[in-house]
>>> print(open('protein-v3.pdb').read())   # PDB, C-alpha atoms
MODEL        1
ATOM      1  CA  MET A   1      54.483 102.648  78.204
ATOM      2  CA  GLY A   2      54.742 105.421  80.780
ATOM      3  CA  GLU A   3      50.999 105.732  80.934
ATOM      4  CA  VAL A   4      50.549 102.014  81.472
ATOM      5  CA  ALA A   5      52.959 101.978  84.381
ATOM      6  CA  SER A   6      51.503 104.972  86.169
ATOM      7  CA  ARG A   7      47.926 103.784  85.803
ATOM      8  CA  SER A   8      48.269 100.131  86.615
ATOM      9  CA  GLY A   9      51.698  99.577  88.147
ATOM     10  CA  VAL A  10      53.424 101.508  90.872
ATOM     11  CA  GLY A  11      50.831 104.227  91.160
ATOM     12  CA  GLY A  12      48.196 101.618  91.930
ATOM     13  CA  GLY A  13      50.014 100.644  95.123
ATOM     14  CA  GLY A  14      48.572 103.618  96.972
ATOM     15  CA  ALA A  15      49.169 107.340  97.111
ATOM     16  CA  THR A  16      51.675 107.013  99.992
ATOM     17  CA  THR A  17      54.007 104.668  98.099
ATOM     18  CA  PRO A  18      57.244 106.494  97.265
ATOM     19  CA  PRO A  19      58.321 106.425  93.650
ATOM     20  CA  VAL A  20      59.995 103.115  92.929
ATOM     21  CA  PRO A  21      62.308 102.548  89.983
ATOM     22  CA  THR A  22      60.757  99.982  87.692
ATOM     23  CA  CYS A  23      62.595  97.583  85.494
ATOM     24  CA  GLY A  24      62.648  99.273  82.128
ATOM     25  CA  ARG A  25      58.945 100.111  82.324
ATOM     26  CA  SER A  26      59.265 103.762  83.161
ATOM     27  CA  THR A  27      57.013 105.999  85.206
ATOM     28  CA  HIS A  28      58.595 108.925  83.406
ATOM     29  CA  PRO A  29      55.761 111.351  82.821
ATOM     30  CA  ILE A  30      54.966 111.945  79.199
ATOM     31  CA  LYS A  31      53.653 115.489  78.826
ATOM     32  CA  GLY A  32      50.036 115.367  77.764
ATOM     33  CA  GLY A  33      49.904 111.634  78.315
ATOM     34  CA  GLU A  34      47.495 111.685  81.255
ATOM     35  CA  GLY A  35      43.869 111.678  80.271
ATOM     36  CA  THR A  36      44.636 111.370  76.611
ATOM     37  CA  GLY A  37      44.767 107.606  76.572
ATOM     38  CA  ARG A  38      43.738 107.446  72.982
ATOM     39  CA  ARG A  39      47.095 108.680  71.802
ATOM     40  CA  PHE A  40      48.603 105.467  73.145
ATOM     41  CA  VAL A  41      45.754 103.205  72.149
ATOM     42  CA  ASP A  42      47.899 101.016  69.930
ATOM     43  CA  THR A  43      50.629 100.550  72.568
ATOM     44  CA  PRO A  44      50.545  96.869  73.601
ATOM     45  CA  VAL A  45      49.424  96.512  77.238
ATOM     46  CA  PRO A  46      51.791  94.175  79.112
ATOM     47  CA  ARG A  47      50.088  91.217  80.763
ATOM     48  CA  LEU A  48      51.286  88.894  83.495
ATOM     49  CA  LYS A  49      52.294  85.356  82.539
ATOM     50  CA  ASP A  50      48.897  83.878  83.389
ATOM     51  CA  GLY A  51      47.170  86.488  81.270
ATOM     52  CA  ARG A  52      45.820  88.623  84.126
ATOM     53  CA  GLU A  53      45.932  92.368  83.769
ATOM     54  CA  PRO A  54      48.710  93.740  85.967
ATOM     55  CA  GLU A  55      46.459  96.023  88.071
ATOM     56  CA  ARG A  56      44.759  93.096  89.835
ATOM     57  CA  ASP A  57      47.478  92.837  92.458
ATOM     58  CA  GLY A  58      47.551  96.563  93.019
ATOM     59  CA  GLY A  59      51.038  96.781  91.530
ATOM     60  CA  ARG A  60      52.578  95.023  94.519
ATOM     61  CA  ALA A  61      54.415  92.403  92.472
ATOM     62  CA  MET A  62      56.258  95.108  90.605
ATOM     63  CA  ALA A  63      57.051  97.198  93.677
ATOM     64  CA  GLU A  64      58.343  94.160  95.550
ATOM     65  CA  SER A  65      60.436  92.860  92.695
ATOM     66  CA  SER A  66      62.122  96.221  92.318
ATOM     67  CA  ARG A  67      62.945  96.744  96.008
ATOM     68  CA  PRO A  68      65.984  94.374  96.135
ATOM     69  CA  ILE A  69      67.395  96.144  93.085
ATOM     70  CA  ARG A  70      67.405  99.444  94.989
ATOM     71  CA  GLU A  71      69.251  97.966  97.987
ATOM     72  CA  ARG A  72      71.978  96.095  96.145
ATOM     73  CA  PRO A  73      75.416  96.987  97.529
ATOM     74  CA  LEU A  74      78.109  98.497  95.380
ATOM     75  CA  SER A  75      80.918  96.158  94.415
ATOM     76  CA  PRO A  76      83.375  95.039  95.763
ATOM     77  CA  HIS A  77      81.921  95.753  99.225
ATOM     78  CA  LEU A  78      85.127  95.605 101.273
ATOM     79  CA  GLN A  79      83.743  95.172 104.773
ATOM     80  CA  VAL A  80      82.275  91.676 104.374
ATOM     81  CA  TRP A  81      85.558  89.895 103.641
ATOM     82  CA  ARG A  82      87.913  88.237 106.123
ATOM     83  CA  TRP A  83      91.452  89.600 105.917
ATOM     84  CA  HIS A  84      93.652  87.497 103.638
ATOM     85  CA  VAL A  85      96.869  87.942 101.681
ATOM     86  CA  THR A  86      95.122  87.728  98.298
ATOM     87  CA  LEU A  87      92.658  90.384  99.495
ATOM     88  CA  ALA A  88      95.486  92.620 100.658
ATOM     89  CA  VAL A  89      97.327  92.279  97.351
ATOM     90  CA  SER A  90      94.139  92.949  95.395
ATOM     91  CA  ILE A  91      93.476  96.189  97.294
ATOM     92  CA  ALA A  92      97.136  97.206  97.170
ATOM     93  CA  HIS A  93      97.078  96.656  93.393
ATOM     94  CA  ARG A  94      94.479  99.400  93.069
ATOM     95  CA  PHE A  95      96.248 101.806  95.402
ATOM     96  CA  ALA A  96      99.545 101.136  93.630
ATOM     97  CA  GLY A  97      97.872 101.776  90.286
ATOM     98  CA  ILE A  98      96.500 105.115  91.465
ATOM     99  CA  GLY A  99      99.933 105.976  92.868
ATOM    100  CA  LEU A 100     101.559 105.151  89.536
ATOM    101  CA  TYR A 101      99.095 107.441  87.762
ATOM    102  CA  LEU A 102     100.526 110.220  89.938
ATOM    103  CA  GLY A 103     104.022 108.913  89.198
ATOM    104  CA  LEU A 104     103.365 109.304  85.470
ATOM    105  CA  LEU A 105     102.235 112.879  86.096
ATOM    106  CA  LEU A 106     105.620 113.411  87.811
ATOM    107  CA  ILE A 107     107.385 111.980  84.732
ATOM    108  CA  ALA A 108     105.392 114.359  82.517
ATOM    109  CA  GLY A 109     106.556 117.147  84.853
ATOM    110  CA  TRP A 110     110.136 115.926  84.454
ATOM    111  CA  ALA A 111     109.744 116.038  80.651
ATOM    112  CA  LEU A 112     108.485 119.629  80.961
ATOM    113  CA  ALA A 113     111.407 120.525  83.233
ATOM    114  CA  VAL A 114     113.957 119.161  80.746
ATOM    115  CA  ALA A 115     112.228 121.037  77.915
ATOM    116  CA  GLY A 116     112.236 124.194  80.078
ATOM    117  CA  GLY A 117     116.020 124.356  80.288
ATOM    118  CA  PRO A 118     118.697 123.990  82.998
ATOM    119  CA  ASP A 119     117.067 126.351  85.530
ATOM    120  CA  ALA A 120     113.647 124.722  85.370
ATOM    121  CA  PHE A 121     115.338 121.339  85.581
ATOM    122  CA  ALA A 122     117.374 122.339  88.638
ATOM    123  CA  SER A 123     114.335 123.477  90.614
ATOM    124  CA  TYR A 124     112.373 120.361  89.635
ATOM    125  CA  ALA A 125     115.293 118.072  90.578
ATOM    126  CA  ALA A 126     115.640 119.877  93.928
ATOM    127  CA  LEU A 127     111.937 119.283  94.563
ATOM    128  CA  LEU A 128     112.286 115.564  93.842
ATOM    129  CA  ALA A 129     115.497 115.325  95.900
ATOM    130  CA  SER A 130     113.848 116.822  99.012
ATOM    131  CA  PRO A 131     113.091 114.340 101.821
ATOM    132  CA  VAL A 132     109.383 114.275 100.954
ATOM    133  CA  GLY A 133     110.239 113.924  97.279
ATOM    134  CA  LEU A 134     112.536 110.975  97.935
ATOM    135  CA  VAL A 135     109.907 109.210 100.061
ATOM    136  CA  VAL A 136     107.349 109.748  97.287
ATOM    137  CA  LEU A 137     109.813 108.468  94.677
ATOM    138  CA  PHE A 138     110.605 105.389  96.764
ATOM    139  CA  LEU A 139     106.896 104.634  97.196
ATOM    140  CA  ILE A 140     106.382 105.077  93.451
ATOM    141  CA  THR A 141     109.163 102.608  92.618
ATOM    142  CA  LEU A 142     107.751 100.182  95.193
ATOM    143  CA  ALA A 143     104.289 100.622  93.634
ATOM    144  CA  GLY A 144     105.824 100.189  90.177
ATOM    145  CA  PHE A 145     107.476  96.853  90.931
ATOM    146  CA  PHE A 146     104.421  95.691  92.879
ATOM    147  CA  HIS A 147     101.843  96.663  90.258
ATOM    148  CA  MET A 148     103.986  95.207  87.479
ATOM    149  CA  ALA A 149     104.484  91.864  89.251
ATOM    150  CA  ASN A 150     100.839  91.618  90.250
ATOM    151  CA  GLY A 151      99.841  92.704  86.747
ATOM    152  CA  ILE A 152     101.772  89.722  85.380
ATOM    153  CA  ARG A 153      99.910  87.583  87.963
ATOM    154  CA  HIS A 154      96.661  88.984  86.564
ATOM    155  CA  LEU A 155      97.738  88.237  82.976
ATOM    156  CA  VAL A 156      98.501  84.633  83.991
ATOM    157  CA  TRP A 157      95.028  84.420  85.538
ATOM    158  CA  ASP A 158      93.571  85.754  82.276
ATOM    159  CA  LEU A 159      95.262  82.809  80.523
ATOM    160  CA  GLY A 160      93.442  80.509  82.939
ATOM    161  CA  PHE A 161      96.238  79.499  85.325
ATOM    162  CA  GLY A 162      96.967  79.992  89.022
ATOM    163  CA  PHE A 163      93.471  79.987  90.497
ATOM    164  CA  LYS A 164      93.996  77.267  93.126
ATOM    165  CA  PRO A 165      93.821  78.934  96.575
ATOM    166  CA  LYS A 166      97.290  77.689  97.557
ATOM    167  CA  THR A 167      98.756  78.872  94.262
ATOM    168  CA  ALA A 168      97.049  82.258  94.550
ATOM    169  CA  ASP A 169      98.327  82.671  98.133
ATOM    170  CA  PHE A 170     101.842  81.726  97.093
ATOM    171  CA  THR A 171     101.951  84.071  94.091
ATOM    172  CA  ALA A 172     100.546  86.866  96.268
ATOM    173  CA  TRP A 173     103.486  86.477  98.672
ATOM    174  CA  VAL A 174     105.908  86.247  95.737
ATOM    175  CA  VAL A 175     104.593  89.574  94.443
ATOM    176  CA  ILE A 176     104.970  91.251  97.866
ATOM    177  CA  VAL A 177     108.501  89.956  98.474
ATOM    178  CA  PHE A 178     109.608  90.721  94.914
ATOM    179  CA  ALA A 179     108.284  94.291  95.078
ATOM    180  CA  ILE A 180     110.082  95.075  98.350
ATOM    181  CA  LEU A 181     113.383  93.480  97.289
ATOM    182  CA  ALA A 182     113.294  95.025  93.818
ATOM    183  CA  ALA A 183     112.543  98.515  95.156
ATOM    184  CA  ILE A 184     115.412  98.267  97.662
ATOM    185  CA  ALA A 185     117.775  96.909  94.997
ATOM    186  CA  PHE A 186     116.731  99.708  92.641
ATOM    187  CA  TRP A 187     117.598 102.402  95.188
ATOM    188  CA  PHE A 188     120.923 100.745  95.999
ATOM    189  CA  ARG A 189     121.682 100.935  92.284
ATOM    190  CA  MET A 190     120.581 104.587  92.244
ATOM    191  CA  ALA A 191     122.943 105.289  95.130
ATOM    192  CA  ALA A 192     125.756 103.437  93.345
ATOM    193  CA  PHE A 193     125.263 105.743  90.357
ATOM    194  CA  GLY A 194     125.412 108.750  92.662
ATOM    195  CA  ALA A 195     121.819 109.756  91.939
ATOM    196  CA  PHE A 196     120.727 113.050  93.546
ATOM    197  CA  THR A 197     124.213 113.682  94.951
ATOM    198  CA  HIS A 198     124.793 116.549  92.532
ATOM    199  CA  VAL A 199     121.661 118.435  93.579
TER
ATOM    200  CA  MET B   1      67.267  89.070  66.921
ATOM    201  CA  SER B   2      70.573  90.332  68.160
ATOM    202  CA  ASP B   3      69.345  92.982  70.599
ATOM    203  CA  LEU B   4      67.057  92.030  73.476
ATOM    204  CA  ARG B   5      66.600  95.578  74.722
ATOM    205  CA  THR B   6      63.355  97.424  74.185
ATOM    206  CA  PRO B   7      63.477 100.436  71.843
ATOM    207  CA  LEU B   8      62.967 102.723  74.881
ATOM    208  CA  ARG B   9      65.943 101.132  76.648
ATOM    209  CA  ARG B  10      68.071 101.546  73.572
ATOM    210  CA  VAL B  11      67.117 105.146  72.901
ATOM    211  CA  ARG B  12      68.120 106.057  76.458
ATOM    212  CA  GLY B  13      71.539 104.568  75.882
ATOM    213  CA  LEU B  14      71.323 102.114  78.755
ATOM    214  CA  GLY B  15      72.704  98.625  78.696
ATOM    215  CA  SER B  16      75.619  97.275  76.744
ATOM    216  CA  ALA B  17      77.324  99.607  74.307
ATOM    217  CA  LYS B  18      79.493  96.624  73.242
ATOM    218  CA  HIS B  19      82.618  98.479  74.394
ATOM    219  CA  GLY B  20      83.269  96.495  77.556
ATOM    220  CA  VAL B  21      85.411  93.907  75.846
ATOM    221  CA  MET B  22      87.590  96.560  74.209
ATOM    222  CA  HIS B  23      88.199  98.128  77.634
ATOM    223  CA  PHE B  24      89.244  94.731  78.979
ATOM    224  CA  ILE B  25      91.550  93.991  76.046
ATOM    225  CA  HIS B  26      93.115  97.469  75.974
ATOM    226  CA  GLN B  27      93.821  97.241  79.703
ATOM    227  CA  ARG B  28      95.609  93.903  79.232
ATOM    228  CA  VAL B  29      97.534  94.801  76.091
ATOM    229  CA  THR B  30      98.719  98.151  77.492
ATOM    230  CA  GLY B  31      99.591  96.273  80.699
ATOM    231  CA  ALA B  32     101.739  93.797  78.791
ATOM    232  CA  ALA B  33     103.426  96.665  76.904
ATOM    233  CA  LEU B  34     104.062  98.460  80.191
ATOM    234  CA  VAL B  35     105.847  95.450  81.680
ATOM    235  CA  LEU B  36     108.490  95.945  78.987
ATOM    236  CA  LEU B  37     108.440  99.751  79.110
ATOM    237  CA  ILE B  38     108.705  99.890  82.924
ATOM    238  CA  CYS B  39     111.610  97.421  82.948
ATOM    239  CA  TRP B  40     113.350  99.591  80.364
ATOM    240  CA  GLY B  41     112.482 102.758  82.311
ATOM    241  CA  PHE B  42     113.802 101.396  85.597
ATOM    242  CA  SER B  43     117.006 100.292  83.867
ATOM    243  CA  GLN B  44     117.555 103.822  82.482
ATOM    244  CA  THR B  45     116.598 105.881  85.542
ATOM    245  CA  PRO B  46     119.928 105.674  87.463
ATOM    246  CA  PHE B  47     121.931 107.056  84.466
ATOM    247  CA  LEU B  48     119.390 109.816  84.006
ATOM    248  CA  VAL B  49     119.215 110.956  87.581
ATOM    249  CA  ALA B  50     122.972 110.752  88.106
ATOM    250  CA  ASN B  51     123.937 113.054  85.225
ATOM    251  CA  GLY B  52     121.672 116.049  85.816
ATOM    252  CA  TYR B  53     120.311 118.285  83.096
ATOM    253  CA  ASP B  54     123.040 117.606  80.537
ATOM    254  CA  GLY B  55     122.675 113.876  81.026
ATOM    255  CA  ALA B  56     118.904 114.021  80.514
ATOM    256  CA  HIS B  57     119.263 116.311  77.486
ATOM    257  CA  THR B  58     121.865 114.056  75.843
ATOM    258  CA  TRP B  59     119.859 110.959  76.704
ATOM    259  CA  LEU B  60     116.804 112.346  74.875
ATOM    260  CA  GLN B  61     118.849 112.959  71.702
ATOM    261  CA  SER B  62     118.685 109.206  71.093
ATOM    262  CA  PRO B  63     115.570 108.497  68.994
ATOM    263  CA  VAL B  64     115.075 105.175  70.768
ATOM    264  CA  ASN B  65     115.102 106.827  74.197
ATOM    265  CA  ALA B  66     112.785 109.653  73.099
ATOM    266  CA  ALA B  67     110.353 107.221  71.458
ATOM    267  CA  LEU B  68     110.260 104.733  74.328
ATOM    268  CA  ALA B  69     109.938 107.513  76.928
ATOM    269  CA  SER B  70     107.001 108.933  74.914
ATOM    270  CA  LEU B  71     105.431 105.488  74.737
ATOM    271  CA  LEU B  72     105.925 104.969  78.467
ATOM    272  CA  LEU B  73     104.092 108.216  79.190
ATOM    273  CA  ALA B  74     101.300 107.805  76.645
ATOM    274  CA  VAL B  75     100.631 104.091  77.119
ATOM    275  CA  GLY B  76     101.054 104.418  80.884
ATOM    276  CA  LEU B  77      98.567 107.248  81.191
ATOM    277  CA  TYR B  78      96.096 105.466  78.897
ATOM    278  CA  HIS B  79      96.416 102.353  81.082
ATOM    279  CA  GLY B  80      95.986 104.557  84.148
ATOM    280  CA  GLN B  81      92.921 106.217  82.676
ATOM    281  CA  LEU B  82      91.345 102.798  82.026
ATOM    282  CA  GLY B  83      92.183 101.617  85.541
ATOM    283  CA  VAL B  84      90.978 104.710  87.383
ATOM    284  CA  GLN B  85      87.809 104.583  85.275
ATOM    285  CA  VAL B  86      87.064 101.162  86.778
ATOM    286  CA  VAL B  87      87.739 102.444  90.307
ATOM    287  CA  ILE B  88      85.367 105.380  89.762
ATOM    288  CA  GLU B  89      82.698 103.100  88.304
ATOM    289  CA  ASP B  90      83.044 100.739  91.279
ATOM    290  CA  TYR B  91      82.840 103.265  94.093
ATOM    291  CA  ILE B  92      80.945 106.313  92.845
ATOM    292  CA  GLY B  93      77.245 105.555  92.583
ATOM    293  CA  LYS B  94      75.830 109.018  91.953
ATOM    294  CA  THR B  95      75.462 109.477  88.205
ATOM    295  CA  GLY B  96      76.414 113.157  88.095
ATOM    296  CA  THR B  97      79.500 112.831  90.293
ATOM    297  CA  ARG B  98      80.531 109.665  88.501
ATOM    298  CA  THR B  99      80.228 111.215  85.053
ATOM    299  CA  ALA B 100      82.112 114.325  86.158
ATOM    300  CA  LEU B 101      84.950 112.222  87.605
ATOM    301  CA  LEU B 102      85.123 109.991  84.518
ATOM    302  CA  VAL B 103      85.434 113.035  82.266
ATOM    303  CA  LEU B 104      87.992 114.650  84.600
ATOM    304  CA  ASN B 105      89.969 111.401  84.632
ATOM    305  CA  ALA B 106      90.121 111.333  80.835
ATOM    306  CA  PHE B 107      91.020 115.039  80.629
ATOM    307  CA  VAL B 108      93.878 114.754  83.142
ATOM    308  CA  ALA B 109      95.311 111.558  81.647
ATOM    309  CA  PHE B 110      95.283 112.695  78.021
ATOM    310  CA  ALA B 111      96.317 116.285  78.779
ATOM    311  CA  PHE B 112      99.394 115.152  80.726
ATOM    312  CA  ALA B 113     100.200 112.523  78.097
ATOM    313  CA  ALA B 114     100.073 115.136  75.336
ATOM    314  CA  VAL B 115     102.046 117.748  77.271
ATOM    315  CA  GLY B 116     104.637 115.187  78.374
ATOM    316  CA  VAL B 117     105.159 113.725  74.897
ATOM    317  CA  VAL B 118     105.450 117.148  73.248
ATOM    318  CA  ALA B 119     107.933 118.229  75.943
ATOM    319  CA  LEU B 120     110.010 115.086  75.361
ATOM    320  CA  LEU B 121     109.990 115.644  71.593
ATOM    321  CA  LYS B 122     110.893 119.332  71.982
ATOM    322  CA  THR B 123     114.027 118.291  73.845
ATOM    323  CA  ALA B 124     114.694 115.449  71.429
ATOM    324  CA  PHE B 125     114.506 117.761  68.383
ATOM    325  CA  SER B 126     116.391 120.650  69.949
ATOM    326  CA  GLY B 127     119.836 119.515  68.806
ATOM    327  CA  GLY B 128     123.076 118.916  70.689
ATOM    328  CA  ALA B 129     123.588 119.440  74.389
ATOM    329  CA  SER B 130     123.258 123.038  75.490
TER
ENDMDL
END
>>> encode(input="protein-v3.pdb", output="C-alpha cells")
Amino acid sequence: MGEVASRSGVGGGGATTPPVPTCGRSTHPIKGGEGTGRRFVDTPVPRLKDGREPERDGGRAMAESSRPIRERPLSPHLQVWRWHVTLAVSIAHRFAGIGLYLGLLLIAGWALAVAGGPDAFASYAALLASPVGLVVLFLITLAGFFHMANGIRHLVWDLGFGFKPKTADFTAWVVIVFAILAAIAFWFRMAAFGAFTHV
Amino acid sequence: MSDLRTPLRRVRGLGSAKHGVMHFIHQRVTGAALVLLICWGFSQTPFLVANGYDGAHTWLQSPVNAALASLLLAVGLYHGQLGVQVVIEDYIGKTGTRTALLVLNAFVAFAFAAVGVVALLKTAFSGGAS
C-alpha cells in the first residue's frame, strides 16, 4: 500500500508538496519497496469510484481531502463560545475535579502522617492549619461540594433529563449556590467542633 | 464483518480498542459511589480534625471507618485518574507528551492510592490508641 501511495498519490502532486498525512493509506516508506514493484504485485491497486486510476488527477483529490483533517481544532475549543452560566459550570467542573485530585493526595498524606505517629501527625496538622493550608482546604471543600453536585447533574443528564436550556441554566445556578452554602456551612461546623484549635 | 478497519490500521493499533464505553461507565459508577463516600467523609471530618492524633488513631480502629476511608481514597483516585485522562486527551495534541502525561497520571494516582490505603490499614491494624 505504501508503494501505491508514494507513486500515484501524494508524491504525484509535485516535488515541492510537503508530506501530507493520508487517510489510512500510508506513505510510510517500506525498506526495499521502491523499484521492486514486483514484490507487491498482488496488492490490489485502489481505484476511484468511476474506475479511473488515482494518478490521473495528480493526487490532488487526496491532498485536498486530507488538508481539513490537519487543521481541525482540538476540542472543546474554549475561545469560540459566548460566556454563559452552563459554560462556566462546565469549566469549573474540570478545575474542581483537578483540585480534588490534589485533595485526595492530601488525604493520602494525612493517612501517612497518622501511620507515622504523633510527631509526623503534628507537623502535618500544623502544615494544614497554616493560613495557606486553610485556604487550600476551604477551596478543596468548595470544589468537593461543587463537583459532587454537578456530578449528580451530569448523572441526571446521562439518564436523559434536564437538557432544556432553561432547566440546564437553573440547575447550573443551583449547583453554584449549593456549593458555596455547603462549604460555608461545613466550615461553621468545623469551627463548632473546635477544629484546628488544638494545633 | 464486525471490523471495518483495514489490517494495516488494526496492526498499528489505531481506531477503537472497544474500551471507550468501559471508561464512560467506570467514570459514572465511581462518581455515584463517590457521592456517598464524600457525604460520609464530610460528615466525619469535623470529629477527626477536632481530636488530633489520638482522635484519628481511635477513629481508624473502627473497621467501617478504615474500610470506607480506604474506598474513598482508592475509588476517588481512580475516578480522578479517569477524569484527568480525559483532560489530557482533550488538550495535549502531541503524541509523545500526551502519552507521557497519561502514564504519569496513572502512576501518580495508583501510587498514592496504594500508599494511602496501606498507611490507613497500618494504623487500623496497629491496635489500641498509643
>>> interface_residues(input="protein-v3.pdb", of="chain B", to="chain A", cutoff="7 Å", atoms="all atoms listed in the file", output="list in words")
Arg9, Val35, Pro46, Phe47, Val49, Ala50, Tyr53, His57, Leu73, Leu77, Gly80, Val84, Asp90, Tyr91, Phe112, Gly116, Ala119, Leu120, Lys122 and Thr123 of chain B
>>> closest_residue(input="protein-v3.pdb", among="A:Val174, A:Ile180, A:Ile91, A:Ile140", to="B:Val87", atoms="all atoms listed in the file")
A:Ile91
>>> residues_around(input="protein-v3.pdb", residues="B:Gln81", least_positions_apart="6", cutoff="8 Å", atoms="all atoms listed in the file", output="list in words")
Asn105, Ala106 and Ala109 of chain B
>>> atom_distance(input="protein-v3.pdb", atom1="atom CA of B:Ala66", atom2="atom CA of B:Gly31")
20.3 Å
>>> residues_around(input="protein-v3.pdb", residues="stretch 80-90 of chain A", least_positions_apart="3", cutoff="9 Å", atoms="all atoms listed in the file", output="list in words")
His77, His93, Arg94, Asn150, Ala168, Asp169, Thr171, Ala172, Trp173, Val175 and Ile176 of chain A
>>> atom_distance(input="protein-v3.pdb", atom1="atom CA of B:Ser70", atom2="atom CA of B:Leu101")
25.7 Å
>>> closest_residue(input="protein-v3.pdb", among="B:Thr45, B:Leu37, B:Arg28, B:Val75", to="A:Leu159", atoms="all atoms listed in the file")
B:Arg28
>>> closest_residue(input="protein-v3.pdb", among="B:Leu8, B:Val21, B:Leu48, B:Ala74", to="B:Ala33", atoms="only C-alpha atoms")
B:Ala74
>>> closest_residue(input="protein-v3.pdb", among="B:Gly52, B:Ser126, B:Leu60, B:Val86", to="A:Ser123", atoms="only C-alpha atoms")
B:Gly52
>>> atom_distance(input="protein-v3.pdb", atom1="atom CA of A:Leu127", atom2="atom CA of B:Asn65")
24.1 Å
>>> residues_around(input="protein-v3.pdb", residues="B:Thr30", least_positions_apart="4", cutoff="8 Å", atoms="all atoms listed in the file", output="list in words")
His26, Leu34, Val75, Gly76, Tyr78 and His79 of chain B
>>> build_atoms(input="protein-v3.pdb", residues="stretch 41-52 of chain B", atoms="N, CA, C and O atoms", output="mmCIF file, keeping the file's coordinate frame")
data_model
loop_
_atom_site.group_PDB
_atom_site.id
_atom_site.type_symbol
_atom_site.label_atom_id
_atom_site.label_comp_id
_atom_site.auth_asym_id
_atom_site.auth_seq_id
_atom_site.Cartn_x
_atom_site.Cartn_y
_atom_site.Cartn_z
ATOM 1 N N GLY B 41 112.413 101.485 81.589
ATOM 2 C CA GLY B 41 112.482 102.758 82.311
ATOM 3 C C GLY B 41 113.302 102.642 83.587
ATOM 4 O O GLY B 41 114.167 103.488 83.864
ATOM 5 N N PHE B 42 113.058 101.585 84.354
ATOM 6 C CA PHE B 42 113.802 101.396 85.597
ATOM 7 C C PHE B 42 115.284 101.160 85.313
ATOM 8 O O PHE B 42 116.139 101.534 86.114
ATOM 9 N N SER B 43 115.597 100.525 84.179
ATOM 10 C CA SER B 43 117.006 100.292 83.867
ATOM 11 C C SER B 43 117.704 101.598 83.493
ATOM 12 O O SER B 43 118.910 101.740 83.679
ATOM 13 N N GLN B 44 116.963 102.558 82.939
ATOM 14 C CA GLN B 44 117.555 103.822 82.482
ATOM 15 C C GLN B 44 117.640 104.881 83.586
ATOM 16 O O GLN B 44 118.484 105.773 83.525
ATOM 17 N N THR B 45 116.730 104.797 84.559
ATOM 18 C CA THR B 45 116.598 105.881 85.542
ATOM 19 C C THR B 45 117.909 106.251 86.243
ATOM 20 O O THR B 45 118.217 107.437 86.347
ATOM 21 N N PRO B 46 118.713 105.284 86.743
ATOM 22 C CA PRO B 46 119.928 105.674 87.463
ATOM 23 C C PRO B 46 120.873 106.548 86.632
ATOM 24 O O PRO B 46 121.367 107.560 87.132
ATOM 25 N N PHE B 47 121.092 106.211 85.328
ATOM 26 C CA PHE B 47 121.931 107.056 84.466
ATOM 27 C C PHE B 47 121.377 108.471 84.423
ATOM 28 O O PHE B 47 122.100 109.453 84.541
ATOM 29 N N LEU B 48 120.043 108.534 84.204
ATOM 30 C CA LEU B 48 119.390 109.816 84.006
ATOM 31 C C LEU B 48 119.536 110.707 85.207
ATOM 32 O O LEU B 48 119.874 111.884 85.103
ATOM 33 N N VAL B 49 119.245 110.132 86.377
ATOM 34 C CA VAL B 49 119.215 110.956 87.581
ATOM 35 C C VAL B 49 120.631 111.352 87.992
ATOM 36 O O VAL B 49 120.852 112.399 88.581
ATOM 37 N N ALA B 50 121.606 110.485 87.651
ATOM 38 C CA ALA B 50 122.972 110.752 88.106
ATOM 39 C C ALA B 50 123.633 111.871 87.319
ATOM 40 O O ALA B 50 124.553 112.515 87.816
ATOM 41 N N ASN B 51 123.184 112.138 86.077
ATOM 42 C CA ASN B 51 123.937 113.054 85.225
ATOM 43 C C ASN B 51 123.257 114.402 85.011
ATOM 44 O O ASN B 51 123.628 115.136 84.088
ATOM 45 N N GLY B 52 122.246 114.706 85.832
ATOM 46 C CA GLY B 52 121.672 116.049 85.816
ATOM 47 C C GLY B 52 121.056 116.450 84.485
ATOM 48 O O GLY B 52 120.674 115.601 83.674
#
